[in-house]
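Novice: File final.txt follows (compact mmCIF, C-alpha atoms):
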```txt
# COMPACT_ATOMS: atom_id res chain seq x y z
CA GLY A 1 -97.50 40.06 -131.15
CA LEU A 2 -94.10 41.10 -129.93
CA LEU A 3 -91.45 38.45 -129.63
CA LEU A 4 -93.36 35.58 -131.16
CA GLY A 5 -90.08 33.74 -131.67
CA GLY A 6 -89.02 34.26 -128.08
CA LEU A 7 -92.05 32.31 -126.94
CA LEU A 8 -90.41 29.28 -128.51
CA LEU A 9 -86.94 29.82 -127.13
CA GLY A 10 -85.71 26.57 -125.66
CA SER A 11 -89.10 25.00 -126.19
CA ALA A 12 -87.88 22.04 -128.21
CA PRO A 13 -88.70 19.15 -125.86
CA ALA A 14 -85.74 17.45 -124.28
CA GLN A 15 -86.07 13.73 -123.70
CA ARG A 16 -82.67 12.10 -123.46
CA GLU A 17 -81.78 11.77 -119.80
CA ALA A 18 -82.76 8.46 -118.15
CA GLY A 19 -86.04 8.85 -116.27
CA VAL A 20 -86.91 12.18 -117.90
CA ARG A 21 -88.98 11.50 -121.00
CA TYR A 22 -89.93 15.08 -121.83
CA ILE A 23 -89.47 18.65 -120.63
CA ARG A 24 -90.30 21.93 -122.37
CA GLY A 25 -88.82 25.37 -121.70
CA GLY A 26 -90.14 28.71 -122.94
CA GLN A 27 -90.49 32.43 -122.23
CA PHE A 28 -92.08 34.06 -119.19
CA LEU A 29 -92.53 37.51 -117.68
CA PRO A 30 -90.44 38.48 -114.64
CA GLN A 31 -91.84 37.63 -111.21
CA VAL A 32 -94.64 35.48 -112.64
CA PRO A 33 -94.80 31.89 -111.32
CA ILE A 34 -93.22 29.55 -113.87
CA SER A 35 -94.51 26.03 -114.51
CA LEU A 36 -92.97 23.74 -117.13
CA ASN A 37 -94.50 20.63 -118.67
CA VAL A 38 -92.47 17.54 -117.86
CA VAL A 39 -92.81 13.79 -118.24
CA ALA A 40 -90.69 12.31 -115.49
CA PRO A 41 -91.18 10.34 -112.28
CA ASP A 42 -92.62 12.44 -109.46
CA LYS A 43 -89.99 14.06 -107.26
CA THR A 44 -87.38 14.05 -110.04
CA VAL A 45 -84.95 16.81 -109.06
CA PHE A 46 -84.04 19.59 -111.51
CA THR A 47 -81.55 22.39 -110.94
CA VAL A 48 -82.39 25.92 -112.05
CA LYS A 49 -79.27 27.83 -113.09
CA ARG A 50 -78.97 31.44 -114.17
CA ILE A 51 -76.82 31.97 -117.29
CA LEU A 52 -74.48 34.80 -116.33
CA SER A 53 -73.47 35.59 -119.92
CA PRO A 54 -76.59 34.99 -122.06
CA GLU A 55 -74.94 36.30 -125.22
CA GLN A 56 -72.61 33.26 -125.20
CA VAL A 57 -75.66 31.04 -125.58
CA LEU A 58 -77.89 33.20 -127.76
CA LEU A 59 -75.27 34.05 -130.38
CA ASP A 60 -74.51 30.42 -131.27
CA SER A 61 -77.18 28.22 -132.89
CA LYS A 62 -75.74 24.87 -131.84
CA ASN A 63 -76.66 25.67 -128.24
CA PHE A 64 -80.33 25.11 -129.16
CA LYS A 65 -80.05 21.46 -130.11
CA GLU A 66 -82.65 19.37 -128.34
CA GLY A 67 -81.56 18.54 -124.81
CA ALA A 68 -78.07 19.98 -125.30
CA ALA A 69 -75.91 20.48 -122.24
CA ILE A 70 -74.93 23.98 -121.15
CA PRO A 71 -71.93 24.92 -123.34
CA SER A 72 -68.56 24.63 -121.68
CA GLY A 73 -67.13 27.97 -120.62
CA VAL A 74 -70.56 29.51 -119.99
CA ARG A 75 -70.70 30.77 -116.40
CA THR A 76 -73.78 29.87 -114.38
CA GLN A 77 -75.12 30.43 -110.89
CA GLU A 78 -77.40 27.95 -109.17
CA VAL A 79 -80.71 29.50 -108.19
CA ARG A 80 -82.61 26.60 -106.65
CA LYS A 81 -83.51 22.92 -106.94
CA VAL A 82 -87.10 21.94 -107.77
CA GLU A 83 -89.00 18.65 -107.97
CA SER A 84 -91.48 17.45 -110.57
CA GLY A 85 -94.97 16.35 -109.67
CA ARG A 86 -98.01 15.26 -111.71
CA GLY A 87 -96.45 16.33 -114.99
CA ILE A 88 -95.57 19.83 -113.79
CA LEU A 89 -92.26 21.33 -112.75
CA GLY A 90 -92.91 24.39 -110.61
CA VAL A 91 -89.88 26.62 -111.04
CA GLY A 92 -91.28 29.60 -109.10
CA LYS A 93 -90.75 33.30 -109.78
CA LEU A 94 -87.54 34.51 -111.39
CA PRO A 95 -86.13 37.94 -112.25
CA SER A 96 -85.24 38.84 -115.84
CA GLY A 97 -82.52 36.72 -117.39
CA LEU A 98 -81.74 33.51 -119.26
CA TYR A 99 -81.92 30.29 -117.23
CA ALA A 100 -81.20 26.62 -117.77
CA VAL A 101 -83.34 23.97 -116.10
CA GLN A 102 -81.08 20.97 -115.81
CA ASN A 103 -81.27 17.28 -114.97
CA GLY A 104 -77.94 15.57 -115.40
CA LYS A 105 -76.54 16.56 -118.78
CA LEU A 106 -79.95 17.49 -120.15
CA SER A 107 -80.96 21.18 -120.20
CA VAL A 108 -83.75 23.36 -121.53
CA TYR A 109 -83.66 27.14 -121.56
CA VAL A 110 -86.12 29.49 -119.93
CA LEU A 111 -86.08 33.15 -120.96
CA VAL A 112 -87.52 35.54 -118.38
CA THR A 113 -88.00 38.95 -119.95
CA SER A 114 -90.27 41.95 -120.37
CA LEU A 115 -88.54 43.01 -123.60
CA GLY A 116 -90.22 42.44 -126.96
CA MET A 117 -88.79 42.86 -130.45
CA VAL A 118 -90.26 43.05 -133.95
CA VAL A 119 -87.95 42.51 -136.94
CA LYS A 120 -88.63 43.41 -140.59
CA LYS A 121 -86.12 42.29 -143.24
CA ASP A 122 -85.73 42.30 -146.98
CA SER A 123 -82.82 41.19 -149.15
CA THR A 124 -80.63 44.18 -148.31
CA SER A 125 -81.77 45.76 -145.04
CA ALA A 126 -83.26 45.11 -141.63
CA LEU A 127 -85.26 47.14 -139.13
CA THR A 128 -85.99 46.27 -135.50
CA TYR A 129 -88.30 47.79 -132.93
CA THR A 130 -88.03 47.05 -129.20
CA ALA A 131 -90.69 47.73 -126.58
CA ASP A 132 -91.84 46.64 -123.12
CA LEU A 133 -94.12 43.59 -123.24
CA VAL A 134 -96.14 44.80 -120.25
CA THR A 135 -96.55 48.54 -120.83
CA GLY A 136 -96.02 48.72 -124.58
CA GLN A 137 -93.60 51.59 -124.08
CA THR A 138 -90.60 51.90 -126.39
CA ARG A 139 -87.36 50.60 -124.89
CA ILE A 140 -83.85 51.47 -125.99
CA ALA A 141 -81.87 48.28 -126.51
CA ARG A 142 -78.72 46.89 -128.05
CA VAL A 143 -79.43 44.66 -131.06
CA TRP A 144 -77.26 41.93 -132.58
CA GLU A 145 -77.62 40.36 -136.02
CA ILE A 146 -76.66 36.71 -135.63
CA ALA A 147 -75.26 36.21 -139.14
CA SER A 148 -72.70 39.01 -139.01
CA GLN A 149 -72.38 39.35 -135.19
CA ALA A 150 -72.79 43.09 -135.84
CA ASN A 151 -74.47 45.06 -133.06
CA LEU A 152 -75.77 48.58 -132.57
CA ASN A 153 -77.87 50.62 -130.15
CA THR A 154 -81.45 51.49 -131.00
CA ALA A 155 -82.56 55.10 -131.30
CA GLY A 156 -86.06 55.51 -129.90
CA GLY A 157 -86.37 51.74 -129.89
CA VAL A 158 -85.61 51.50 -133.64
CA ALA A 159 -82.44 50.12 -135.26
CA ARG A 160 -81.71 49.96 -138.99
CA TRP A 161 -78.80 48.35 -140.80
CA THR A 162 -77.85 46.92 -144.16
CA THR A 163 -77.66 43.16 -144.38
CA LYS A 164 -77.29 40.35 -146.87
CA VAL A 165 -79.61 37.38 -146.96
CA GLN A 166 -77.60 34.18 -146.66
CA LYS A 167 -78.73 30.78 -147.81
CA PRO A 168 -78.96 28.43 -144.82
CA ASP A 169 -76.81 25.31 -144.76
CA SER A 170 -79.35 22.59 -145.47
CA GLN A 171 -77.15 20.07 -143.66
CA SER A 172 -77.56 21.87 -140.35
CA GLU A 173 -80.95 21.88 -138.60
CA TYR A 174 -80.16 25.16 -136.85
CA SER A 175 -78.31 27.04 -139.61
CA GLU A 176 -81.41 29.15 -140.37
CA TYR A 177 -81.08 30.69 -136.91
CA ASN A 178 -77.64 32.06 -137.79
CA THR A 179 -78.82 33.53 -141.10
CA ALA A 180 -82.15 35.05 -140.03
CA ALA A 181 -82.36 35.80 -136.33
CA SER A 182 -81.56 38.86 -134.24
CA ILE A 183 -81.34 39.30 -130.48
CA ALA A 184 -81.74 42.40 -128.32
CA ARG A 185 -80.75 43.38 -124.80
CA ALA A 186 -82.03 46.09 -122.47
CA GLY A 187 -80.48 45.73 -119.02
CA SER A 188 -81.20 42.18 -117.84
CA ASP A 189 -83.97 41.69 -120.41
CA TRP A 190 -83.32 39.84 -123.66
CA ALA A 191 -85.44 39.29 -126.76
CA VAL A 192 -85.05 36.91 -129.70
CA SER A 193 -86.55 37.67 -133.10
CA ALA A 194 -89.24 35.50 -134.66
CA ALA A 195 -87.48 35.31 -138.03
CA TRP A 196 -86.08 31.83 -137.44
CA PHE A 197 -88.37 30.37 -134.79
CA ASN A 198 -91.46 30.63 -137.00
CA ARG A 199 -90.15 27.55 -138.82
CA TYR A 200 -91.65 25.46 -136.02
CA SER A 201 -95.15 26.60 -136.99
CA ALA A 202 -95.16 25.49 -140.62
CA GLY A 203 -93.14 23.50 -143.09
CA PRO A 204 -91.04 25.16 -145.82
CA SER A 205 -93.86 24.68 -148.37
CA VAL A 206 -96.32 26.74 -146.30
CA ARG A 207 -96.38 30.49 -145.69
CA GLY A 208 -98.44 32.32 -143.09
CA TYR A 209 -99.55 35.96 -143.16
CA VAL A 210 -101.07 37.91 -140.25
CA TYR A 211 -102.38 41.46 -140.62
CA THR A 212 -104.40 43.96 -138.60
CA ASP A 213 -107.33 46.13 -139.66
CA ARG A 214 -105.21 49.31 -139.35
CA PRO A 215 -101.52 50.17 -138.90
CA VAL A 216 -101.81 52.43 -135.82
CA TYR A 217 -104.14 52.40 -132.81
CA ARG A 218 -104.97 54.69 -129.94
CA LEU A 219 -104.58 53.40 -126.39
CA GLY A 220 -107.57 51.23 -125.49
CA GLN A 221 -108.84 50.75 -129.05
CA HIS A 222 -110.04 47.32 -130.17
CA VAL A 223 -107.62 45.45 -132.45
CA ASP A 224 -108.88 43.07 -135.14
CA PHE A 225 -106.48 40.80 -136.95
CA LYS A 226 -106.65 37.98 -139.47
CA GLY A 227 -104.29 35.20 -140.51
CA VAL A 228 -104.00 33.39 -143.84
CA MET A 229 -102.07 30.21 -144.68
CA ARG A 230 -100.92 29.71 -148.27
CA ASP A 231 -99.04 27.13 -150.28
CA ALA A 232 -95.65 28.70 -150.95
CA LYS A 233 -95.63 27.66 -154.60
CA THR A 234 -99.23 28.13 -155.69
CA LEU A 235 -100.36 30.71 -153.07
CA LYS A 236 -103.62 28.73 -152.77
```
Now, as a test, write the supplied structure out as structure tokens.
Specialist:
Amino acid sequence: GLLLGGLLLGSAPAQREAGVRYIRGGQFLPQVPISLNVVAPDKTVFTVKRILSPEQVLLDSKNFKEGAAIPSGVRTQEVRKVESGRGILGVGKLPSGLYAVQNGKLSVYVLVTSLGMVVKKDSTSALTYTADLVTGQTRIARVWEIASQANLNTAGGVARWTTKVQKPDSQSEYSEYNTAASIARAGSDWAVSAAWFNRYSAGPSVRGYVYTDRPVYRLGQHVDFKGVMRDAKTLK
């Protein structure tokens, strides 16, 4: 599916602020009611803030550390205050954009977007395709490669560029984001590639493969797909 990685954006649970034991962010479509899972006393107040310059957050991996505060210098605009109840934080409907849901110094990110992105990479090149998550129609977007900070506009939703695979810094939990991920923007909609975020799904010794029964479909046709998990060393 499009934007598999974006589904995990900001979803690392935050659990540092006194009274708030757990809260999880994520990705949602515009104008769809948003509910977040939270472990906190009922009527705990959270502030929903819109990030006015999402690129300042998305282009720097250290902003995704669990429960990290909103980086200094990043402009925000308060949208509303909401209260938790029975393990749910009802945030309400939001237009496209990147948001922080904040309690004290603790924040999780919520990405509201209808933009999807698929990224294919090898050792020397990368290709991205951007489309609308609701209609499936191609969308022209601006795409950034995190590692080089290079950016370019898509043509017909497709962008191609040469790249160089970098070895992540094993000392940094989030260094793989800088070496593998891409982000895209179309108006107020943002997308984050799955290249880095898939690491949450399996350890480094496991590889997953998903494929469909055909490469192209007509509108309304049934899609069959299959997934296989393999040991990275033995392929068993």
Novice: Quick check, in Å to one decimal: how far apart do atom CA of Ala100 of chain A and atom CA of Val143 of chain A lie?
Specialist: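 Between these atoms lies a distance of 22.5 Å.
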Novice: At what distance in Å, to one decimal, does atom CA of Arg50 of chain A lie from atom CA of Pro33 of chain A?
Specialist: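 Interatomic distance here is 16.1 Å.
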Novice: For Val134 of chain A, which residue out of A:Thr162, A:Ser35, A:Thr154, A:Thr113 is the nearest one, using only C-alpha atoms?
Specialist: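 When distances to Val134 of chain A are compared using only C-alpha atoms, the smallest one comes from A:Thr113.
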Novice: Please measure the separation of atom CA of Val39 of chain A and atom CA of Pro95 of chain A, giving the value in Å to one decimal.
Specialist: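 Here the two named atoms are 25.8 Å from each other.
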Novice: List as an MDAnalysis selection string the protein and nucleic acid residues near Leu89 of chain A, meaning an atom at most 8 Å away when all atoms listed in the file are counted, but skip any in the same chain fewer than 6 places from it.
Specialist: chainID A and resid 35:38 82:83
Novice: Which is closest to Thr234 of chain A among A:Arg207, A:Lys121, A:Asp60, A:Thr212, if we use all atoms listed in the file?
Specialist: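 Nearest candidate to Thr234 of chain A out of A:Arg207, A:Lys121, A:Asp60, A:Thr212: A:Arg207.
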Novice: List every protein, DNA or RNA residue with an atom no more than 8 Å from (-83.7, 48.2, -143.2) in the file's coordinates, counting only C-alpha atoms, and format the result as number ranges by chain.
Specialist: A: 120-122, 124-127, 160-163
Novice: For Lys236 of chain A, which residue among A:Gly208, A:Gly156, A:Gly90, A:Pro41 is the nearest when counting all atoms listed in the file?
Specialist: A:Gly208
Novice: Can you list, as a list in words, every protein, DNA or RNA residue that comes within 12 Å of Ala131 of chain A when you count all atoms listed in the file, leaving out same-chain residues fewer than 5 positions away?
Specialist: Gly1, Leu2, Leu3, Thr113, Ser114, Leu115, Gly116, Met117, Val118, Val119, Gly136, Gln137, Thr138, Arg139, Ile140, Ala141, Thr154, Ala155, Gly156, Gly157, Val158, Ala184, Arg185, Ala186, Asp189, Trp190 and Ala191 of chain A
Novice: Restricting the calculation to only C-alpha atoms: of A:Asp132, A:Asp42, A:Asp231, A:Asp213, which residue gets closest to Pro30 of chain A?
Specialist: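 Using only C-alpha atoms, Pro30 of chain A sits closest to A:Asp132.
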Novice: Neighbouring residues of segment 69-78 of chain A were defined as those with any atom within 9 Å, considering all atoms listed in the file; residues of the same chain fewer than 2 positions away were excluded. Please report them as a PyMOL selection string.
Specialist: chain A and resi 47-54+56-57+63+65+67+80-81+99-100+102+104-108
Novice: Please return the centre and edge lengths, in Å to one decimal, of a box with edges along x, y and z that contains all listed atoms of segment 41-48 of chain A, widened by 4 Å on every side, as lines of an AutoDock Vina configuration file.
Specialist:
```
center_x = -87.1
center_y = 18.1
center_z = -109.8
size_x = 19.1
size_y = 23.6
size_z = 13.0
```
Novice: I need the residue nearest Val101 of chain A from this list: A:Leu58, A:Val45, A:Val192, A:Ala40. Use only C-alpha atoms for the distance.
Specialist: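 Ranking A:Leu58, A:Val45, A:Val192, A:Ala40 by distance to Val101 of chain A, first place goes to A:Val45.
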